[in-house]
Structure formats: structure tokens, C-alpha cells
Amino acid sequence: MKKTLSLLLVLASLGIPTLVQADPIEGRWKMPSGNDATIAPCGSDFCLTYVNGPLKGKRFGKMSAAGTGTYEGTVTDYTRNGREFSGKGKLSGDTLSVSGCVLGGLICRSQELKRI
């Protein structure tokens with residue numbers, strides 16, 4: 001184990017890519033609007049970004065893993081002037097349910113994204 005860790009550190013220091021398993025949330029997703037989004041690492045979190053459509057390039061969420069298949073963070077609703085809400089995500093197979101809530105979770109709005 002110690003030799004494997006040392007080898008990975010040497011490869012990383014030389015800029016040689018190593019096999020790192022991606023988080024299941026990463027990838028390209030179809031929004032209910034018909035537009036696509038990507039979820040990719042950004043720092044220690046995952047950023048949700050529109051790929052096409054009128055909001056292309058805008059980030060609409062930032063979440064971090066909160067347990068197996070669950071995520072917590074913020075979501076942005078551009079239909080409400082870009083207002084940011086506390087957000088949650090739950091991954092089940094190729095479906096990601098994302099919700100944004102106000103008033104401590106009293107009022108929530110959710111949508112399902114499908115993996116492409």
C-alpha cells in the first residue's frame with residue numbers, strides 16, 4: 001500500500017494523470033426545459049452549469065456530497081431574477097432530483113434531471 005501511494009504521488013507530481021473515480025453526480029444531464037447541463041467538480045464541490053439554451057454558461061447550482069447519493073448546497077432560479085436558494089440533490093440511477101427551498105425548507109420547488 002505504501003509503495004502504491006508513493007507511486008501515485010510521484011505520478012501526480014510529474015503531471016501524469018492517474019485513474020481517479022468520478023463522483024456519480026458528474027456528467028451531462030437533460031433538464032425538464034429540454035436544455036442540457038453539466039455537473040463537474042469545482043474546488044471541493046460540484047457546479048451545475050447550463051450547456052445550451054438562453055442561459056448557456058450560467059451556473060445554476062453548487063453542491064457538495066452529503067452522503068451516498070445525496071448532495072447539499074445552493075441552487076439559482078433565473079426565473080426569479082437569479083435568486084439563490086438552499087438546495088438538495090438526490091441521485092437515483094440516471095435521475096437526479098434537485099430542489100431549492102426557502103423558509104427553512106417550508107416551501108420547495110424541485111425538478112428531475114435525466115442523465116444523457
# chains A, B, ... in the order shown; residues from 1 in each chain; ligands from 1
call {"tool": "residues_around", "arguments": {"residues": "Asp77 (chain A)", "least_positions_apart": "6", "cutoff": "12 Å", "atoms": "only C-alpha atoms", "output": "ChimeraX atom specification"}}
result
/A:55,58-61,83-87,98-102,108-111
call {"tool": "select_by_dssp", "arguments": {"residues": "chain A", "states": "strand (DSSP E or B)", "output": "VMD selection string"}}
result
chain A and resid 27 to 30 36 to 42 45 to 50 59 to 67 70 to 77 83 to 92 95 to 102 107 to 115
call {"tool": "residues_around", "arguments": {"residues": "Ser97 (chain A)", "least_positions_apart": "4", "cutoff": "9 Å", "atoms": "only C-alpha atoms", "output": "compact mmCIF listing (two decimals) with all heavy atoms, in the first residue's frame"}}
result
# COMPACT_ATOMS: atom_id res chain seq x y z
N LYS A 88 -30.87 20.89 -2.48
CA LYS A 88 -30.54 19.49 -2.20
C LYS A 88 -30.64 18.71 -3.49
O LYS A 88 -31.39 19.08 -4.40
CB LYS A 88 -31.50 18.89 -1.18
CG LYS A 88 -31.37 19.46 0.20
CD LYS A 88 -32.25 18.74 1.16
CE LYS A 88 -32.05 19.34 2.56
NZ LYS A 88 -32.80 18.61 3.57
N GLY A 89 -29.89 17.64 -3.57
CA GLY A 89 -29.96 16.75 -4.71
C GLY A 89 -29.98 15.31 -4.23
O GLY A 89 -29.37 14.98 -3.22
N LYS A 90 -30.72 14.48 -4.94
CA LYS A 90 -30.76 13.04 -4.63
C LYS A 90 -30.64 12.28 -5.93
O LYS A 90 -31.43 12.47 -6.86
CB LYS A 90 -32.06 12.68 -3.92
CG LYS A 90 -32.22 11.21 -3.67
CD LYS A 90 -32.60 10.94 -2.25
CE LYS A 90 -32.78 9.46 -1.96
NZ LYS A 90 -31.55 8.76 -1.77
N LEU A 91 -29.61 11.46 -6.00
CA LEU A 91 -29.33 10.68 -7.19
C LEU A 91 -29.90 9.28 -7.05
O LEU A 91 -29.67 8.61 -6.05
CB LEU A 91 -27.81 10.60 -7.41
CG LEU A 91 -27.32 9.91 -8.65
CD1 LEU A 91 -27.81 10.63 -9.90
CD2 LEU A 91 -25.81 9.84 -8.65
N SER A 92 -30.67 8.87 -8.05
CA SER A 92 -31.24 7.53 -8.08
C SER A 92 -31.11 7.01 -9.50
O SER A 92 -31.86 7.43 -10.40
CB SER A 92 -32.71 7.58 -7.65
OG SER A 92 -33.28 6.29 -7.71
N SER A 110 -38.95 21.62 -7.02
CA SER A 110 -37.98 20.62 -7.47
C SER A 110 -38.15 20.30 -8.95
O SER A 110 -39.18 20.62 -9.55
CB SER A 110 -38.10 19.34 -6.64
OG SER A 110 -39.37 18.76 -6.83
N GLN A 111 -37.13 19.69 -9.50
CA GLN A 111 -37.16 19.21 -10.87
C GLN A 111 -36.24 18.01 -10.99
O GLN A 111 -35.33 17.83 -10.19
CB GLN A 111 -36.78 20.30 -11.87
CG GLN A 111 -35.38 20.85 -11.73
CD GLN A 111 -35.12 21.94 -12.75
OE1 GLN A 111 -35.89 22.20 -13.65
NE2 GLN A 111 -34.00 22.60 -12.61
N GLU A 112 -36.52 17.18 -11.99
CA GLU A 112 -35.71 16.00 -12.21
C GLU A 112 -34.88 16.17 -13.47
O GLU A 112 -35.39 16.58 -14.50
CB GLU A 112 -36.60 14.75 -12.34
CG GLU A 112 -37.22 14.33 -11.04
CD GLU A 112 -37.93 13.01 -11.15
OE1 GLU A 112 -38.20 12.52 -12.27
OE2 GLU A 112 -38.22 12.44 -10.09
N LEU A 113 -33.62 15.84 -13.35
CA LEU A 113 -32.69 15.85 -14.47
C LEU A 113 -32.42 14.40 -14.86
O LEU A 113 -32.32 13.54 -13.97
CB LEU A 113 -31.38 16.53 -14.08
CG LEU A 113 -31.39 18.04 -13.88
CD1 LEU A 113 -32.17 18.46 -12.66
CD2 LEU A 113 -29.97 18.54 -13.77
N LYS A 114 -32.30 14.13 -16.14
CA LYS A 114 -32.02 12.78 -16.63
C LYS A 114 -30.63 12.74 -17.24
O LYS A 114 -30.26 13.61 -18.03
CB LYS A 114 -33.04 12.37 -17.70
CG LYS A 114 -34.48 12.39 -17.22
CD LYS A 114 -34.76 11.28 -16.26
CE LYS A 114 -36.23 11.30 -15.86
NZ LYS A 114 -36.52 10.28 -14.89
call {"tool": "select_by_dssp", "arguments": {"residues": "chain A", "states": "helix (DSSP H, G or I)", "output": "list of chain:residue names"}}
result
A:Lys2, A:Lys3, A:Thr4, A:Leu5, A:Ser6, A:Leu7, A:Leu8, A:Leu9, A:Val10, A:Leu11, A:Ala12, A:Ser13, A:Tyr78, A:Thr79, A:Arg80, A:Leu103, A:Gly104, A:Gly105
call {"tool": "residues_around", "arguments": {"residues": "Ala65 (chain A)", "least_positions_apart": "2", "cutoff": "10 Å", "atoms": "only C-alpha atoms", "output": "mmCIF file with C-alpha atoms, in the first residue's frame"}}
result
data_model
loop_
_atom_site.group_PDB
_atom_site.id
_atom_site.type_symbol
_atom_site.label_atom_id
_atom_site.label_comp_id
_atom_site.auth_asym_id
_atom_site.auth_seq_id
_atom_site.Cartn_x
_atom_site.Cartn_y
_atom_site.Cartn_z
ATOM 1 C CA ASP A 23 -18.411 11.031 -8.430
ATOM 2 C CA ILE A 25 -23.231 13.041 -9.993
ATOM 3 C CA SER A 44 -14.292 20.585 -3.341
ATOM 4 C CA ASP A 45 -17.877 20.992 -4.623
ATOM 5 C CA PHE A 46 -19.801 20.227 -7.818
ATOM 6 C CA MET A 63 -23.422 21.259 -4.188
ATOM 7 C CA GLY A 67 -23.825 11.064 1.912
ATOM 8 C CA THR A 68 -24.288 8.257 -0.563
ATOM 9 C CA GLY A 69 -26.296 9.681 -3.466
ATOM 10 C CA THR A 70 -27.251 12.862 -1.622
ATOM 11 C CA TYR A 71 -25.962 16.403 -2.087
ATOM 12 C CA GLU A 72 -26.480 19.782 -0.402
ATOM 13 C CA GLY A 73 -25.691 23.339 -1.402
ATOM 14 C CA LYS A 88 -30.545 19.485 -2.202
ATOM 15 C CA GLY A 89 -29.961 16.748 -4.706
ATOM 16 C CA LYS A 90 -30.759 13.044 -4.632
#
call {"tool": "residues_around", "arguments": {"residues": "Ile116 (chain A)", "least_positions_apart": "6", "cutoff": "7 Å", "atoms": "only C-alpha atoms", "output": "list in words"}}
result
Arg28, Trp29 and Lys30 of chain A
call {"tool": "atom_distance", "arguments": {"atom1": "CA of Cys42 (chain A)", "atom2": "CA of Leu103 (chain A)"}}
result
27.4 Å
call {"tool": "atom_distance", "arguments": {"atom1": "CA of Ala66 (chain A)", "atom2": "CA of Pro41 (chain A)"}}
result
14.8 Å
call {"tool": "atom_distance", "arguments": {"atom1": "CA of Gly53 (chain A)", "atom2": "CA of Gly105 (chain A)"}}
result
29.3 Å
